[in-house]
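Below: one structure, written as structure tokens.
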Amino acid sequence: MILNLNQVFLFVGWLAATGLIYILALIARFYEINSGEKTYYRFFVMPPVVFGAATARYSSLNQWGGDWLGDILLFMGGAVLLGLCYYLYHRMTSGRP
């Protein structure tokens with residue numbers, strides 16, 4: 001199986017996003033251990049899995065967007081990630097000026 005340039009770019013983008021999400025999960029884990037407040041850092045594994053499914057879908061179709069299933073997967077992963085980041089932000093800054 002030979003990968004074309006589109007598939008390589010999709011995979012590299014997914015790897016970069018997964019790396020950034022991993023750093024966010026480490027920050028959430030560190031804060032939970034040191035503060036004792038729940039951050040649900042284990043849920044940070046969900047967005048890379050959903051983004052990976054969308055990447056696999058787009059890679060199999062050899063396109064960047066426009067597929068309804070891939071778009072829904074990207075939306076779901078983004079919504080979960082946004083919710084987790086907002087919750088972490090709120091936990092880390094609540095009650096502080």
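Ordering of the structure tokens sets the chain letters (A, B, ...); residue numbers start at 1 within each chain; ligands are numbered from 1 in the order shown.
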* Asked: Counting only C-alpha atoms, what is within 8 Å of region 13-17 of chain A, bar same-chain residues fewer than 5 positions away, as number ranges by chain?
  -> A: 48, 51-52, 55
* To do: Would you list the contacts of region 76-92 of chain A as a PyMOL selection string, taking every protein, DNA or RNA residue within 7 Å and counting only C-alpha atoms, but skipping same-chain residues closer than 5 positions in sequence?
  => chain A and resi 28+39+47+50-51
Take the residues from that selection and write them out as a PDB file, in the first residue's frame, keeping N, CA and C atoms.
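As a result, again16.pdb now contains:
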```
ATOM      1  N   ALA A  28      -3.643  18.503  33.120  1.00  0.00           N
ATOM      2  CA  ALA A  28      -4.816  18.182  33.932  1.00  0.00           C
ATOM      3  C   ALA A  28      -4.474  17.151  35.001  1.00  0.00           C
ATOM      4  N   THR A  39     -10.276  16.632  37.679  1.00  0.00           N
ATOM      5  CA  THR A  39     -10.166  17.265  36.364  1.00  0.00           C
ATOM      6  C   THR A  39     -10.597  16.327  35.245  1.00  0.00           C
ATOM      7  N   PRO A  47     -10.939  12.605  22.474  1.00  0.00           N
ATOM      8  CA  PRO A  47     -10.787  13.376  21.235  1.00  0.00           C
ATOM      9  C   PRO A  47      -9.771  12.799  20.244  1.00  0.00           C
ATOM     10  N   VAL A  50     -11.472   9.900  18.425  1.00  0.00           N
ATOM     11  CA  VAL A  50     -12.500  10.341  17.477  1.00  0.00           C
ATOM     12  C   VAL A  50     -11.854  11.045  16.284  1.00  0.00           C
ATOM     13  N   PHE A  51     -10.831  11.882  16.548  1.00  0.00           N
ATOM     14  CA  PHE A  51     -10.115  12.534  15.449  1.00  0.00           C
ATOM     15  C   PHE A  51      -9.404  11.499  14.581  1.00  0.00           C
TER      16      PHE A  51
END
```
Could you write out, as an mmCIF file with N, CA and C atoms, in the first residue's frame, all the residues of chain A that DSSP marks as helix (DSSP H, G or I)?
```
data_model
loop_
_atom_site.group_PDB
_atom_site.id
_atom_site.type_symbol
_atom_site.label_atom_id
_atom_site.label_comp_id
_atom_site.auth_asym_id
_atom_site.auth_seq_id
_atom_site.Cartn_x
_atom_site.Cartn_y
_atom_site.Cartn_z
ATOM 1 N N LEU A 5 0.261 11.963 -0.824
ATOM 2 C CA LEU A 5 0.586 13.140 -0.032
ATOM 3 C C LEU A 5 -0.576 13.573 0.857
ATOM 4 N N ASN A 6 -1.785 13.432 0.389
ATOM 5 C CA ASN A 6 -2.974 13.788 1.163
ATOM 6 C C ASN A 6 -3.042 12.953 2.445
ATOM 7 N N GLN A 7 -2.830 11.664 2.337
ATOM 8 C CA GLN A 7 -2.878 10.789 3.496
ATOM 9 C C GLN A 7 -1.756 11.088 4.480
ATOM 10 N N VAL A 8 -0.587 11.423 3.982
ATOM 11 C CA VAL A 8 0.529 11.772 4.856
ATOM 12 C C VAL A 8 0.210 13.039 5.635
ATOM 13 N N PHE A 9 -0.323 14.061 4.966
ATOM 14 C CA PHE A 9 -0.678 15.307 5.646
ATOM 15 C C PHE A 9 -1.772 15.092 6.692
ATOM 16 N N LEU A 10 -2.760 14.262 6.378
ATOM 17 C CA LEU A 10 -3.800 13.958 7.349
ATOM 18 C C LEU A 10 -3.212 13.289 8.582
ATOM 19 N N PHE A 11 -2.327 12.331 8.386
ATOM 20 C CA PHE A 11 -1.724 11.611 9.498
ATOM 21 C C PHE A 11 -0.822 12.521 10.337
ATOM 22 N N VAL A 12 -0.041 13.373 9.686
ATOM 23 C CA VAL A 12 0.837 14.299 10.415
ATOM 24 C C VAL A 12 0.003 15.293 11.215
ATOM 25 N N GLY A 13 -1.075 15.780 10.652
ATOM 26 C CA GLY A 13 -1.958 16.684 11.380
ATOM 27 C C GLY A 13 -2.587 16.018 12.590
ATOM 28 N N TRP A 14 -2.988 14.755 12.420
ATOM 29 C CA TRP A 14 -3.559 14.016 13.542
ATOM 30 C C TRP A 14 -2.511 13.797 14.635
ATOM 31 N N LEU A 15 -1.282 13.483 14.244
ATOM 32 C CA LEU A 15 -0.212 13.298 15.224
ATOM 33 C C LEU A 15 0.070 14.588 15.991
ATOM 34 N N ALA A 16 0.101 15.714 15.308
ATOM 35 C CA ALA A 16 0.347 16.998 15.963
ATOM 36 C C ALA A 16 -0.778 17.329 16.951
ATOM 37 N N ALA A 17 -2.012 17.133 16.539
ATOM 38 C CA ALA A 17 -3.144 17.407 17.423
ATOM 39 C C ALA A 17 -3.129 16.469 18.628
ATOM 40 N N THR A 18 -2.788 15.212 18.405
ATOM 41 C CA THR A 18 -2.716 14.248 19.495
ATOM 42 C C THR A 18 -1.622 14.629 20.488
ATOM 43 N N GLY A 19 -0.504 15.122 19.987
ATOM 44 C CA GLY A 19 0.565 15.565 20.882
ATOM 45 C C GLY A 19 0.138 16.724 21.763
ATOM 46 N N LEU A 20 -0.555 17.682 21.188
ATOM 47 C CA LEU A 20 -1.036 18.825 21.975
ATOM 48 C C LEU A 20 -2.083 18.399 23.009
ATOM 49 N N ILE A 21 -2.958 17.493 22.622
ATOM 50 C CA ILE A 21 -3.975 17.002 23.559
ATOM 51 C C ILE A 21 -3.313 16.211 24.680
ATOM 52 N N TYR A 22 -2.245 15.476 24.368
ATOM 53 C CA TYR A 22 -1.511 14.733 25.387
ATOM 54 C C TYR A 22 -0.892 15.690 26.405
ATOM 55 N N ILE A 23 -0.357 16.805 25.947
ATOM 56 C CA ILE A 23 0.199 17.802 26.861
ATOM 57 C C ILE A 23 -0.899 18.378 27.753
ATOM 58 N N LEU A 24 -2.072 18.639 27.198
ATOM 59 C CA LEU A 24 -3.195 19.117 28.012
ATOM 60 C C LEU A 24 -3.593 18.082 29.060
ATOM 61 N N ALA A 25 -3.594 16.807 28.679
ATOM 62 C CA ALA A 25 -3.930 15.749 29.633
ATOM 63 C C ALA A 25 -2.894 15.676 30.752
ATOM 64 N N LEU A 26 -1.633 15.870 30.420
ATOM 65 C CA LEU A 26 -0.597 15.880 31.454
ATOM 66 C C LEU A 26 -0.771 17.054 32.411
ATOM 67 N N ILE A 27 -1.136 18.211 31.885
ATOM 68 C CA ILE A 27 -1.397 19.364 32.734
ATOM 69 C C ILE A 27 -2.578 19.079 33.664
ATOM 70 N N ALA A 28 -3.643 18.503 33.120
ATOM 71 C CA ALA A 28 -4.816 18.182 33.932
ATOM 72 C C ALA A 28 -4.474 17.151 35.001
ATOM 73 N N ARG A 29 -3.687 16.158 34.652
ATOM 74 C CA ARG A 29 -3.286 15.138 35.626
ATOM 75 C C ARG A 29 -2.430 15.749 36.727
ATOM 76 N N PHE A 30 -1.484 16.582 36.359
ATOM 77 C CA PHE A 30 -0.631 17.250 37.334
ATOM 78 C C PHE A 30 -1.456 18.092 38.292
ATOM 79 N N TYR A 31 -2.416 18.842 37.749
ATOM 80 C CA TYR A 31 -3.243 19.686 38.599
ATOM 81 C C TYR A 31 -4.111 18.845 39.526
ATOM 82 N N GLU A 32 -4.657 17.738 39.029
ATOM 83 C CA GLU A 32 -5.490 16.887 39.872
ATOM 84 C C GLU A 32 -4.683 16.276 41.016
ATOM 85 N N ILE A 33 -3.478 15.834 40.719
ATOM 86 C CA ILE A 33 -2.643 15.229 41.761
ATOM 87 C C ILE A 33 -2.253 16.261 42.813
ATOM 88 N N ASN A 34 -1.889 17.452 42.400
ATOM 89 C CA ASN A 34 -1.389 18.448 43.341
ATOM 90 C C ASN A 34 -2.474 19.222 44.072
ATOM 91 N N SER A 35 -3.645 19.385 43.463
ATOM 92 C CA SER A 35 -4.691 20.171 44.113
ATOM 93 C C SER A 35 -5.760 19.310 44.765
ATOM 94 N N TYR A 41 -8.971 13.948 33.756
ATOM 95 C CA TYR A 41 -7.922 13.927 32.737
ATOM 96 C C TYR A 41 -7.969 12.665 31.887
ATOM 97 N N ARG A 42 -8.582 11.609 32.369
ATOM 98 C CA ARG A 42 -8.656 10.360 31.590
ATOM 99 C C ARG A 42 -9.542 10.508 30.351
ATOM 100 N N PHE A 43 -10.456 11.460 30.381
ATOM 101 C CA PHE A 43 -11.335 11.672 29.235
ATOM 102 C C PHE A 43 -10.638 12.362 28.070
ATOM 103 N N PHE A 44 -9.418 12.858 28.296
ATOM 104 C CA PHE A 44 -8.677 13.494 27.210
ATOM 105 C C PHE A 44 -8.231 12.481 26.157
ATOM 106 N N VAL A 45 -8.452 11.203 26.392
ATOM 107 C CA VAL A 45 -8.120 10.197 25.386
ATOM 108 C C VAL A 45 -9.213 10.115 24.309
ATOM 109 N N MET A 46 -10.404 10.590 24.612
ATOM 110 C CA MET A 46 -11.510 10.486 23.667
ATOM 111 C C MET A 46 -11.324 11.313 22.391
ATOM 112 N N PRO A 47 -10.939 12.605 22.474
ATOM 113 C CA PRO A 47 -10.787 13.376 21.235
ATOM 114 C C PRO A 47 -9.771 12.799 20.244
ATOM 115 N N PRO A 48 -8.570 12.356 20.662
ATOM 116 C CA PRO A 48 -7.670 11.774 19.656
ATOM 117 C C PRO A 48 -8.230 10.516 18.997
ATOM 118 N N VAL A 49 -8.991 9.735 19.742
ATOM 119 C CA VAL A 49 -9.595 8.541 19.148
ATOM 120 C C VAL A 49 -10.628 8.923 18.098
ATOM 121 N N VAL A 50 -11.472 9.900 18.425
ATOM 122 C CA VAL A 50 -12.500 10.341 17.477
ATOM 123 C C VAL A 50 -11.854 11.045 16.284
ATOM 124 N N PHE A 51 -10.831 11.882 16.548
ATOM 125 C CA PHE A 51 -10.115 12.534 15.449
ATOM 126 C C PHE A 51 -9.404 11.499 14.581
ATOM 127 N N GLY A 52 -8.896 10.440 15.198
ATOM 128 C CA GLY A 52 -8.264 9.363 14.433
ATOM 129 C C GLY A 52 -9.255 8.645 13.530
ATOM 130 N N ALA A 53 -10.474 8.448 14.027
ATOM 131 C CA ALA A 53 -11.506 7.829 13.191
ATOM 132 C C ALA A 53 -11.854 8.726 12.006
ATOM 133 N N ALA A 54 -11.940 10.039 12.258
ATOM 134 C CA ALA A 54 -12.217 10.972 11.165
ATOM 135 C C ALA A 54 -11.064 10.990 10.170
ATOM 136 N N THR A 55 -9.827 10.936 10.672
ATOM 137 C CA THR A 55 -8.661 10.899 9.789
ATOM 138 C C THR A 55 -8.664 9.637 8.939
ATOM 139 N N ALA A 56 -8.998 8.513 9.546
ATOM 140 C CA ALA A 56 -9.066 7.265 8.787
ATOM 141 C C ALA A 56 -10.161 7.326 7.724
ATOM 142 N N ARG A 57 -11.286 7.937 8.080
ATOM 143 C CA ARG A 57 -12.386 8.075 7.108
ATOM 144 C C ARG A 57 -11.968 8.941 5.919
ATOM 145 N N TYR A 58 -11.387 10.111 6.208
ATOM 146 C CA TYR A 58 -10.950 10.992 5.129
ATOM 147 C C TYR A 58 -9.812 10.377 4.319
ATOM 148 N N SER A 59 -8.937 9.648 4.986
ATOM 149 C CA SER A 59 -7.826 9.010 4.291
ATOM 150 C C SER A 59 -8.326 7.923 3.338
ATOM 151 N N SER A 60 -9.348 7.193 3.767
ATOM 152 C CA SER A 60 -9.888 6.148 2.896
ATOM 153 C C SER A 60 -10.615 6.728 1.688
ATOM 154 N N LEU A 61 -11.162 7.935 1.847
ATOM 155 C CA LEU A 61 -11.856 8.594 0.738
ATOM 156 C C LEU A 61 -10.928 9.465 -0.094
ATOM 157 N N TRP A 68 -19.924 13.649 5.251
ATOM 158 C CA TRP A 68 -20.785 13.941 6.391
ATOM 159 C C TRP A 68 -20.363 13.171 7.634
ATOM 160 N N LEU A 69 -19.937 11.919 7.499
ATOM 161 C CA LEU A 69 -19.525 11.143 8.667
ATOM 162 C C LEU A 69 -18.219 11.680 9.253
ATOM 163 N N GLY A 70 -17.263 11.998 8.405
ATOM 164 C CA GLY A 70 -16.009 12.576 8.876
ATOM 165 C C GLY A 70 -16.216 13.921 9.542
ATOM 166 N N ASP A 71 -17.103 14.730 8.971
ATOM 167 C CA ASP A 71 -17.398 16.039 9.552
ATOM 168 C C ASP A 71 -18.068 15.904 10.918
ATOM 169 N N ILE A 72 -18.979 14.954 11.059
ATOM 170 C CA ILE A 72 -19.642 14.733 12.348
ATOM 171 C C ILE A 72 -18.629 14.249 13.383
ATOM 172 N N LEU A 73 -17.727 13.362 12.975
ATOM 173 C CA LEU A 73 -16.699 12.885 13.902
ATOM 174 C C LEU A 73 -15.786 14.030 14.352
ATOM 175 N N LEU A 74 -15.393 14.883 13.423
ATOM 176 C CA LEU A 74 -14.566 16.034 13.791
ATOM 177 C C LEU A 74 -15.315 16.979 14.729
ATOM 178 N N PHE A 75 -16.591 17.191 14.473
ATOM 179 C CA PHE A 75 -17.390 18.051 15.338
ATOM 180 C C PHE A 75 -17.510 17.462 16.740
ATOM 181 N N MET A 76 -17.777 16.159 16.818
ATOM 182 C CA MET A 76 -17.906 15.510 18.126
ATOM 183 C C MET A 76 -16.599 15.568 18.905
ATOM 184 N N GLY A 77 -15.493 15.275 18.251
ATOM 185 C CA GLY A 77 -14.196 15.333 18.916
ATOM 186 C C GLY A 77 -13.861 16.739 19.385
ATOM 187 N N GLY A 78 -14.164 17.718 18.556
ATOM 188 C CA GLY A 78 -13.915 19.108 18.924
ATOM 189 C C GLY A 78 -14.795 19.569 20.070
ATOM 190 N N ALA A 79 -16.046 19.141 20.067
ATOM 191 C CA ALA A 79 -16.957 19.525 21.142
ATOM 192 C C ALA A 79 -16.520 18.925 22.474
ATOM 193 N N VAL A 80 -16.115 17.665 22.457
ATOM 194 C CA VAL A 80 -15.628 17.026 23.685
ATOM 195 C C VAL A 80 -14.360 17.715 24.169
ATOM 196 N N LEU A 81 -13.437 17.992 23.260
ATOM 197 C CA LEU A 81 -12.197 18.665 23.637
ATOM 198 C C LEU A 81 -12.465 20.064 24.179
ATOM 199 N N LEU A 82 -13.364 20.794 23.554
ATOM 200 C CA LEU A 82 -13.718 22.128 24.036
ATOM 201 C C LEU A 82 -14.312 22.059 25.434
ATOM 202 N N GLY A 83 -15.197 21.116 25.661
ATOM 203 C CA GLY A 83 -15.796 20.958 26.987
ATOM 204 C C GLY A 83 -14.768 20.597 28.052
ATOM 205 N N LEU A 84 -13.865 19.688 27.728
ATOM 206 C CA LEU A 84 -12.823 19.311 28.677
ATOM 207 C C LEU A 84 -11.885 20.472 28.981
ATOM 208 N N CYS A 85 -11.498 21.212 27.962
ATOM 209 C CA CYS A 85 -10.608 22.361 28.169
ATOM 210 C C CYS A 85 -11.286 23.443 28.981
ATOM 211 N N TYR A 86 -12.555 23.697 28.717
ATOM 212 C CA TYR A 86 -13.269 24.697 29.488
ATOM 213 C C TYR A 86 -13.397 24.272 30.947
ATOM 214 N N TYR A 87 -13.700 22.994 31.191
ATOM 215 C CA TYR A 87 -13.821 22.492 32.555
ATOM 216 C C TYR A 87 -12.486 22.607 33.292
ATOM 217 N N LEU A 88 -11.396 22.250 32.612
ATOM 218 C CA LEU A 88 -10.074 22.362 33.221
ATOM 219 C C LEU A 88 -9.735 23.822 33.515
ATOM 220 N N TYR A 89 -10.012 24.699 32.576
ATOM 221 C CA TYR A 89 -9.772 26.131 32.771
ATOM 222 C C TYR A 89 -10.558 26.645 33.969
ATOM 223 N N HIS A 90 -11.822 26.258 34.046
ATOM 224 C CA HIS A 90 -12.673 26.711 35.145
ATOM 225 C C HIS A 90 -12.156 26.181 36.480
ATOM 226 N N ARG A 91 -11.737 24.926 36.522
ATOM 227 C CA ARG A 91 -11.195 24.343 37.752
ATOM 228 C C ARG A 91 -9.916 25.047 38.191
ATOM 229 N N MET A 92 -9.061 25.364 37.243
ATOM 230 C CA MET A 92 -7.762 25.929 37.592
ATOM 231 C C MET A 92 -7.821 27.404 37.941
ATOM 232 N N THR A 93 -8.852 28.115 37.494
ATOM 233 C CA THR A 93 -8.898 29.568 37.725
ATOM 234 C C THR A 93 -10.070 30.022 38.574
#
```
